[in-house]
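The structure file upload.cif is reproduced below (mmCIF, C-alpha atoms).
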data_model
#
loop_
_atom_site.label_atom_id
_atom_site.label_comp_id
_atom_site.auth_asym_id
_atom_site.auth_seq_id
_atom_site.Cartn_x
_atom_site.Cartn_y
_atom_site.Cartn_z
CA MET L 27 -14.25 44.70 36.65
CA LYS L 28 -12.63 47.78 38.07
CA ASN L 29 -12.13 51.20 36.49
CA LEU L 30 -12.77 49.61 33.11
CA PHE L 31 -12.59 52.04 30.22
CA LEU L 32 -14.35 50.72 27.13
CA THR L 33 -12.60 52.13 24.09
CA VAL L 34 -10.53 51.06 21.10
CA LEU L 35 -6.88 50.27 21.88
CA THR L 36 -4.03 50.31 19.40
CA ALA L 37 -2.05 47.10 19.77
CA VAL L 38 0.99 45.68 18.03
CA ALA L 39 1.66 41.95 18.47
CA ILE L 40 5.30 41.02 18.90
CA VAL L 41 7.06 37.75 19.63
CA THR L 42 9.82 37.65 22.21
CA PRO L 43 11.88 34.47 21.84
CA ALA L 44 13.75 35.03 25.13
CA ALA L 45 10.53 34.82 27.09
CA SER L 46 8.97 32.21 24.76
CA GLN L 47 5.68 34.05 24.68
CA THR L 48 3.60 36.31 22.49
CA THR L 49 3.25 39.88 23.70
CA GLN L 50 1.47 42.99 22.57
CA LYS L 51 2.60 46.59 22.90
CA LEU L 52 -0.07 49.16 23.70
CA THR L 53 0.62 52.89 23.41
CA ALA L 54 -1.45 55.55 25.15
CA SER L 55 -2.60 58.03 22.53
CA LYS L 56 -5.44 60.26 21.47
CA ILE L 57 -7.14 57.29 19.77
CA ASN L 58 -7.67 55.53 23.10
CA GLU L 59 -7.97 58.80 25.08
CA TYR L 60 -4.65 58.01 26.78
CA GLY L 61 -6.13 55.07 28.67
CA LEU L 62 -4.82 51.49 28.63
CA ILE L 63 -6.83 48.47 29.82
CA TYR L 64 -5.16 45.40 31.29
CA THR L 65 -5.75 42.44 33.63
CA LEU L 66 -3.82 41.44 36.73
CA PRO L 67 -2.65 37.85 37.14
CA VAL L 68 -3.65 35.23 39.66
CA THR L 69 -1.07 32.61 40.63
CA VAL L 70 -1.52 28.93 39.79
CA ALA L 71 0.74 25.99 40.61
CA ASP L 72 1.83 23.60 37.85
CA VAL L 73 2.56 20.30 39.58
CA THR L 74 4.60 18.04 37.30
CA VAL L 75 4.74 14.39 38.35
CA GLU L 76 7.26 11.95 36.91
CA ALA L 77 6.56 8.26 37.56
CA GLU L 78 8.63 5.23 36.63
CA LYS L 79 7.11 1.96 35.47
CA THR L 80 9.00 -1.30 35.95
CA VAL L 81 7.84 -4.43 34.13
CA LYS L 82 9.39 -7.77 35.09
CA THR L 83 8.90 -10.82 32.85
CA PRO L 84 10.04 -14.39 33.63
CA GLY L 85 12.28 -16.08 31.12
CA GLU L 86 11.28 -19.20 29.19
CA PHE L 87 13.63 -21.36 31.28
CA PHE L 88 13.18 -19.73 34.72
CA ARG L 89 12.44 -23.13 36.31
CA TYR L 90 15.94 -24.29 35.37
CA ALA L 91 17.87 -21.13 36.33
CA LYS L 92 19.04 -22.45 39.69
CA LYS L 93 19.98 -25.87 38.28
CA TYR L 94 22.10 -24.72 35.34
CA LEU L 95 23.27 -21.18 36.25
CA ASN L 96 22.84 -21.09 40.05
CA ILE L 97 20.95 -17.80 39.87
CA ASP L 98 17.59 -16.71 41.29
CA PRO L 99 15.25 -15.81 38.41
CA ILE L 100 12.11 -13.73 38.07
CA THR L 101 9.32 -16.24 38.62
CA GLU L 102 6.16 -14.14 38.20
CA PRO L 103 5.28 -11.34 35.78
CA SER L 104 4.82 -8.04 37.59
CA GLN L 105 4.30 -4.33 37.00
CA GLN L 106 5.18 -1.57 39.45
CA TRP L 107 4.86 2.22 39.40
CA VAL L 108 6.78 4.59 41.66
CA VAL L 109 6.84 8.39 41.81
CA LYS L 110 10.30 9.39 40.64
CA SER L 111 10.13 13.19 41.00
CA VAL L 112 7.76 16.12 41.49
CA THR L 113 8.34 19.69 40.33
CA VAL L 114 6.12 22.64 41.24
CA ASN L 115 6.22 25.88 39.26
CA ALA L 116 4.27 29.06 40.06
CA ARG L 117 2.71 30.71 37.02
CA GLY L 118 0.41 33.66 36.39
CA VAL L 119 -2.90 33.43 34.55
CA ALA L 120 -5.40 36.20 33.91
CA ASP L 121 -7.74 37.11 36.77
CA GLU L 122 -10.85 38.34 34.96
CA LYS L 123 -12.14 39.88 38.20
CA GLU L 124 -9.16 42.22 38.29
CA GLN L 125 -9.35 44.33 35.12
CA TYR L 126 -8.15 47.92 35.27
CA LEU L 127 -7.72 51.13 33.30
CA VAL L 128 -4.65 53.30 33.78
CA GLN L 129 -5.29 56.89 32.68
CA PHE L 130 -2.29 58.90 31.49
CA LYS L 131 -1.99 62.62 30.90
CA SER L 132 -3.01 63.80 27.45
CA GLY L 133 -0.18 64.61 25.08
CA SER L 134 2.07 61.89 26.48
CA ALA L 135 2.92 58.56 24.83
CA PRO L 136 3.75 55.95 27.45
CA PHE L 137 3.44 52.33 26.40
CA MET L 138 2.72 49.01 28.05
CA VAL L 139 3.86 45.51 27.04
CA LEU L 140 1.31 42.82 27.89
CA ASN L 141 1.51 39.07 27.52
CA ASP L 142 -0.99 36.93 25.64
CA GLU L 143 -3.26 36.83 28.71
CA ASN L 144 -3.42 40.63 28.82
CA PHE L 145 -1.55 41.29 32.03
CA PRO L 146 1.31 43.78 32.02
CA LEU L 147 4.95 42.79 31.86
CA THR L 148 6.47 46.27 31.54
CA VAL L 149 5.62 49.94 31.17
CA ASN L 150 7.89 52.32 29.20
CA THR L 151 10.53 49.66 28.55
CA ASP L 152 10.98 46.77 26.12
CA ASN L 153 13.33 44.94 28.51
CA LEU L 154 11.04 42.09 29.47
CA PRO L 155 11.57 40.06 32.64
CA ALA L 156 13.91 37.15 32.08
CA ALA L 157 12.16 33.89 31.31
CA SER L 158 12.58 31.17 33.92
CA GLU L 159 14.49 28.15 32.66
CA LEU L 160 12.75 25.41 34.59
CA LYS L 161 13.84 22.00 33.28
CA LEU L 162 11.01 19.51 33.42
CA PRO L 163 11.32 15.74 32.98
CA VAL L 164 10.38 14.17 29.66
CA ALA L 165 8.55 10.86 29.35
CA GLN L 166 10.78 7.99 28.29
CA ALA L 167 9.52 4.94 26.41
CA ALA L 168 10.70 1.47 27.41
CA GLN L 169 13.73 0.23 25.51
CA PRO L 170 13.60 -3.23 23.88
CA THR L 171 14.88 -6.01 26.10
CA ILE L 172 17.80 -8.16 24.96
CA LEU L 173 15.24 -10.83 23.98
CA GLN L 174 13.52 -8.35 21.65
CA GLN L 175 16.73 -7.62 19.75
CA PRO L 176 18.13 -9.49 16.71
CA VAL L 177 20.99 -10.94 18.77
CA ALA L 178 18.48 -13.13 20.64
CA ALA L 179 17.66 -15.04 17.46
CA GLN L 180 21.36 -15.32 16.68
CA ALA L 181 22.03 -16.94 20.05
CA VAL L 182 19.43 -19.70 19.59
CA THR L 183 20.92 -22.83 18.03
CA GLU L 184 19.21 -25.04 15.46
CA GLU L 185 19.10 -27.89 17.95
CA MET L 186 17.25 -25.67 20.44
CA LEU L 187 14.70 -24.76 17.78
CA GLN L 188 14.06 -28.39 16.86
CA SER L 189 13.62 -29.65 20.41
CA GLN L 190 10.06 -30.08 21.69
CA SER L 191 11.15 -30.40 25.31
CA SER L 192 11.48 -27.28 27.45
CA ALA L 193 13.92 -29.08 29.75
CA LYS L 194 16.09 -30.09 26.78
CA ARG L 195 16.06 -26.56 25.34
CA ALA L 196 17.13 -25.20 28.72
CA GLU L 197 19.99 -27.71 28.87
CA LEU L 198 21.12 -26.72 25.37
CA ALA L 199 20.87 -23.01 26.19
CA ALA L 200 23.01 -23.48 29.31
CA ALA L 201 25.58 -25.43 27.31
CA LYS L 202 25.66 -22.60 24.75
CA ILE L 203 26.28 -20.05 27.50
CA TYR L 204 29.34 -21.98 28.74
CA GLU L 205 30.53 -22.38 25.14
CA LEU L 206 30.31 -18.61 24.59
CA ARG L 207 32.27 -17.97 27.80
CA GLN L 208 34.99 -20.38 26.68
CA SER L 209 35.20 -18.70 23.27
CA ARG L 210 35.57 -15.29 24.93
CA ASN L 211 38.37 -16.57 27.20
CA GLU L 212 40.20 -18.07 24.24
CA ILE L 213 40.06 -14.78 22.31
CA ILE L 214 41.26 -12.78 25.30
CA SER L 215 44.13 -15.19 25.96
CA GLY L 216 45.06 -15.37 22.25
CA GLN L 217 44.37 -19.11 22.02
CA ALA L 218 41.42 -19.01 19.62
CA ASP L 219 41.76 -20.99 16.39
CA GLN L 220 40.71 -17.91 14.39
CA MET L 221 41.89 -14.78 16.14
CA PRO L 222 40.42 -11.37 15.11
CA SER L 223 42.64 -9.42 12.72
CA ASP L 224 43.06 -6.33 14.92
CA GLY L 225 41.95 -4.68 18.16
CA LYS L 226 38.74 -3.29 16.68
CA ALA L 227 37.72 -6.66 15.26
CA MET L 228 38.49 -8.29 18.62
CA GLN L 229 36.25 -5.85 20.44
CA LEU L 230 33.41 -6.45 17.98
CA ALA L 231 33.76 -10.20 18.45
CA LEU L 232 33.81 -9.91 22.25
CA ASP L 233 30.77 -7.60 22.22
CA ASN L 234 28.82 -10.05 20.06
CA LEU L 235 29.67 -12.95 22.37
CA ALA L 236 28.62 -10.91 25.40
CA GLN L 237 25.28 -9.98 23.80
CA GLN L 238 24.54 -13.59 22.87
CA GLU L 239 25.34 -14.68 26.42
CA ALA L 240 23.10 -11.92 27.81
CA ALA L 241 20.22 -13.05 25.57
CA LEU L 242 20.54 -16.69 26.61
CA THR L 243 20.91 -15.75 30.28
CA ALA L 244 17.72 -13.63 30.03
CA MET L 245 15.89 -16.79 28.94
CA PHE L 246 16.65 -18.10 32.43
CA VAL L 247 16.67 -15.04 34.68
CA GLY L 248 13.98 -12.99 32.89
CA THR L 249 13.88 -9.35 31.78
CA VAL L 250 13.24 -5.96 33.36
CA GLN L 251 11.94 -2.98 31.39
CA THR L 252 11.59 0.56 32.71
CA SER L 253 9.80 3.57 31.28
CA THR L 254 8.62 6.91 32.64
CA ASP L 255 5.42 8.90 32.33
CA VAL L 256 5.09 12.63 33.00
CA ARG L 257 1.90 14.61 33.71
CA THR L 258 1.32 18.18 34.82
CA PHE L 259 -1.65 19.17 37.00
CA THR L 260 -2.56 22.85 37.23
CA VAL L 261 -4.01 24.02 40.54
CA GLU L 262 -5.18 27.53 41.43
CA MET L 263 -3.85 28.50 44.83
CA PRO L 264 -7.00 28.39 47.03
CA GLU L 265 -7.99 30.87 49.71
CA GLY L 266 -7.56 29.95 53.35
CA GLU L 267 -4.49 29.79 55.55
CA THR L 268 -3.88 26.10 54.81
CA SER L 269 -5.03 23.76 52.06
CA HIS L 270 -4.73 19.99 51.75
CA MET L 271 -5.82 18.42 48.48
CA VAL L 272 -5.31 15.45 46.20
CA VAL L 273 -3.59 16.76 43.08
CA GLY L 274 -3.35 13.41 41.30
CA ARG L 275 -3.03 9.69 41.93
CA LEU L 276 -0.69 6.82 41.09
CA SER L 277 -2.36 3.64 39.87
CA VAL L 278 -0.68 0.24 39.87
CA LEU L 279 -2.12 -0.46 36.44
CA ASN L 280 -2.38 2.94 34.76
CA GLY L 281 0.37 5.03 36.34
CA ILE L 282 -0.38 8.72 36.85
CA VAL L 283 -4.13 9.35 36.85
CA ASP L 284 -6.51 12.19 37.77
CA ALA L 285 -7.41 12.96 41.36
CA SER L 286 -10.92 11.63 40.73
CA ASP L 287 -9.65 8.20 39.62
CA LEU L 288 -9.89 6.13 42.79
CA SER L 289 -7.89 3.28 41.25
CA GLY L 290 -4.74 5.09 42.36
CA ASP L 291 -3.16 6.16 45.65
CA PRO L 292 -3.32 9.91 46.33
CA ILE L 293 -0.55 12.44 45.69
CA TYR L 294 -1.17 15.27 48.15
CA LEU L 295 -0.53 18.98 47.64
CA ASP L 296 -0.32 21.10 50.80
CA ILE L 297 -0.27 24.91 50.78
CA LYS L 298 0.37 27.01 53.88
CA VAL L 299 0.15 30.80 53.73
CA THR L 300 3.17 32.26 55.51
CA ALA L 301 2.62 35.98 54.80
CA ARG L 302 -0.19 38.20 53.52
CA GLY L 303 0.56 41.19 51.34
CA GLN L 304 -0.16 44.51 53.08
CA LEU L 305 -1.17 47.90 51.69
CA PRO L 306 1.55 50.56 52.08
CA LYS L 307 1.23 53.24 54.75
CA ASN L 308 2.24 56.88 54.90
CA GLU L 309 4.45 58.59 57.49
CA LYS L 310 1.52 58.76 59.89
CA GLY L 311 0.91 55.02 59.70
CA GLU L 312 -2.26 55.46 57.66
CA VAL L 313 -3.04 53.15 54.77
CA LYS L 314 -2.44 54.90 51.47
CA LYS L 315 -5.31 55.35 49.02
CA PHE L 316 -5.29 53.94 45.51
CA PRO L 317 -4.19 56.76 43.14
CA LYS L 318 -6.90 58.05 40.83
CA GLY L 319 -6.53 56.42 37.42
CA GLY L 320 -3.42 54.70 38.79
CA LEU L 321 -1.44 51.76 37.41
CA ALA L 322 -2.58 48.76 39.44
CA TYR L 323 -0.15 46.09 40.60
CA ARG L 324 -0.13 43.37 43.22
CA ILE L 325 1.70 43.23 46.53
CA PRO L 326 1.75 39.43 46.82
CA GLY L 327 1.65 37.15 49.81
CA GLU L 328 3.80 34.09 50.38
CA ALA L 329 3.18 30.38 50.84
CA ASP L 330 5.00 27.13 51.52
CA VAL L 331 4.12 24.32 49.13
CA THR L 332 4.77 20.63 49.71
CA VAL L 333 3.88 17.49 47.76
CA THR L 334 3.75 14.09 49.44
CA PHE L 335 3.05 10.53 48.36
CA GLY L 336 2.64 7.91 51.06
CA ASN L 337 5.25 8.69 53.70
CA ASP L 338 7.59 10.49 51.29
CA GLN L 339 7.85 14.25 50.85
CA LEU L 340 8.62 14.74 47.17
CA PHE L 341 8.68 18.54 46.96
CA ASN L 342 9.08 21.45 49.35
CA GLY L 343 9.18 25.05 48.10
CA HIS L 344 8.32 28.66 48.89
CA PHE L 345 6.44 30.93 46.48
CA ASP L 346 5.07 34.44 46.14
CA VAL L 347 1.32 34.17 45.46
CA ALA L 348 -0.73 36.97 43.91
CA GLN L 349 -4.07 36.21 45.57
CA TYR L 350 -2.59 36.11 49.07
CA GLY L 351 -1.77 39.79 48.72
CA VAL L 352 -3.45 43.08 47.88
CA VAL L 353 -3.79 45.41 44.90
CA PHE L 354 -2.31 48.89 44.97
CA GLY L 355 -1.37 51.45 42.31
CA LEU L 356 1.37 53.72 41.00
CA GLU L 357 0.73 57.36 40.18
CA PRO L 358 0.23 57.56 36.37
CA ASN L 359 2.08 60.88 36.15
CA LEU L 360 5.31 59.01 37.05
CA PHE L 361 5.32 57.64 33.51
CA THR L 362 4.69 60.94 31.70
CA ASP L 363 7.33 63.13 33.34
CA LYS L 364 9.01 64.98 30.47
CA LYS L 365 12.46 65.08 32.05
CA SER L 366 12.67 61.60 33.57
CA PRO L 367 9.70 59.30 32.84
CA ALA L 368 9.53 56.20 35.00
CA TYR L 369 9.55 52.61 33.80
CA VAL L 370 8.45 49.47 35.61
CA VAL L 371 8.97 45.72 35.17
CA PHE L 372 6.42 43.32 36.66
CA ASP L 373 6.63 39.73 37.81
CA GLY L 374 4.60 37.65 35.38
CA ALA L 375 3.50 35.11 38.01
CA THR L 376 2.21 37.60 40.60
CA GLY L 377 1.86 41.07 39.04
CA ALA L 378 4.32 42.43 41.63
CA ILE L 379 6.89 45.15 40.86
CA ARG L 380 10.27 43.64 40.05
CA GLU L 381 12.00 46.84 39.02
CA LEU L 382 10.97 50.50 39.14
CA GLY L 383 13.21 53.27 37.89
CA SER L 384 13.48 56.28 35.61
CA LYS L 385 14.96 56.65 32.14
#

Serialized structure, structure tokens:
Amino acid sequence: MKNLFLTVLTAVAIVTPAASQTTQKLTASKINEYGLIYTLPVTVADVTVEAEKTVKTPGEFFRYAKKYLNIDPITEPSQQWVVKSVTVNARGVADEKEQYLVQFKSGSAPFMVLNDENFPLTVNTDNLPAASELKLPVAQAAQPTILQQPVAAQAVTEEMLQSQSSAKRAELAAAKIYELRQSRNEIISGQADQMPSDGKAMQLALDNLAQQEAALTAMFVGTVQTSTDVRTFTVEMPEGETSHMVVGRLSVLNGIVDASDLSGDPIYLDIKVTARGQLPKNEKGEVKKFPKGGLAYRIPGEADVTVTFGNDQLFNGHFDVAQYGVVFGLEPNLFTDKKSPAYVVFDGATGAIRELGSK
């Protein structure tokens, strides 16, 4: 804890829909002896994994598919998971080791807007940094197969239901398929005994015939169902020039699982530091000193981030990272100048200055 000033702060909680977060506005005043306490962020990576599950199920008559329909069916039930996409997002969380007090001149009234983790978003302005609009995948449940829909029962004839022989039922089902095809051709050519009354009725009739045929065909060829699962793993960017870690795993049976679940194959996260933040220097090339009672901010470093699974690279990105940089400070009197007080906007993921100007 650095330069921590233990006192009572006046805070007003506000909600900012644009940034989708709760913030609080702190004003330096006599009550808090013109000092505001805040925390700097540390950068974490949210790794969102989307995996697709494919379930294949043989049809009741798969043994007769080649004989009656001349098609190759699904012969064994199976389940397969594949990684469909990976998204990595850098986000700031509070670094409890980096708490600070900024001390303003008495008689002034600068204010600071902090997020719900107590690190600053702005000083002397309510114009918060624009919220990132990262679109993440959403898990999708498996849709019912054609055999799980009412049309499947409609396609089954009474004779098929009464037969005790699987071979006979398959023969009847194949005959029904060819009968449905003939009925469709007769409607299309206008030769049906009972033609639909109009175009809309014709389309409904054709759709129903197609669905019945699809249901009976599925009894031979089998069905395929797909669904997706989505999980997000949060990883704090570790120290060191390079890092190689298992962020999660993909299990044949359970899909996306934790890194500690050895039933799955590993999804690797690699981080390579490409630049370290440096303290500013004066005209003589000497490192500047932190201003007394100054407003602390981060000068972040940079890193390349990749995610791989097997031989496939699923994500490759470049991020600013708070902990690969250094902490420096702004002179507090910049924000209390009577003629032209300064304002500053910070990056919520790193604590870096995004915009610095005067009113």

Evaluating the PyMOL selection byres ((chain L and resi 84) around 7) on the displayed file yields which residues, as a ChimeraX atom specification? /L:82-83,85-86,88,100-103,247-249

Carefully work through the PyMOL selection byres ((chain L and resi 304-315) around 9) for this structure and note down the residues it includes, as an NGL selection string. :L and (302-303 or 316-318 or 325-327 or 351-355)

What is the atom CA of L:His270 to atom CA of L:Gly118 distance in Å? 21.2 Å

Expand the PyMOL selection byres ((chain L and resi 192-209) around 10) into the explicit residue set it covers here, and present it as a PyMOL selection string. chain L and resi 86-91+93-95+181-183+185-191+210-215+217-219+231-232+234-236+238-243+245-246

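Nearest residue to L:Asp296, choosing from L:Ala71, L:Gly281, L:Val333, L:Leu321 and counting all atoms listed in the file: L:Val333.
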
Close residues, stretch 342-345 of chain L itself excluded, 12 Å, only C-alpha atoms, min 5 positions apart in chain, as a count of residues only: 31

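Using all atoms listed in the file, the shortest contact distance between L:Glu78 and any of L:Lys365, L:Lys110, L:Lys123, L:Lys385 is found at L:Lys110.
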
Residues within 8 Å of (-8.5, 42.0, 33.5), counting all atoms listed in the file, listed as an MDAnalysis selection string: chainID L and resid 27 63:66 120:126 144:145
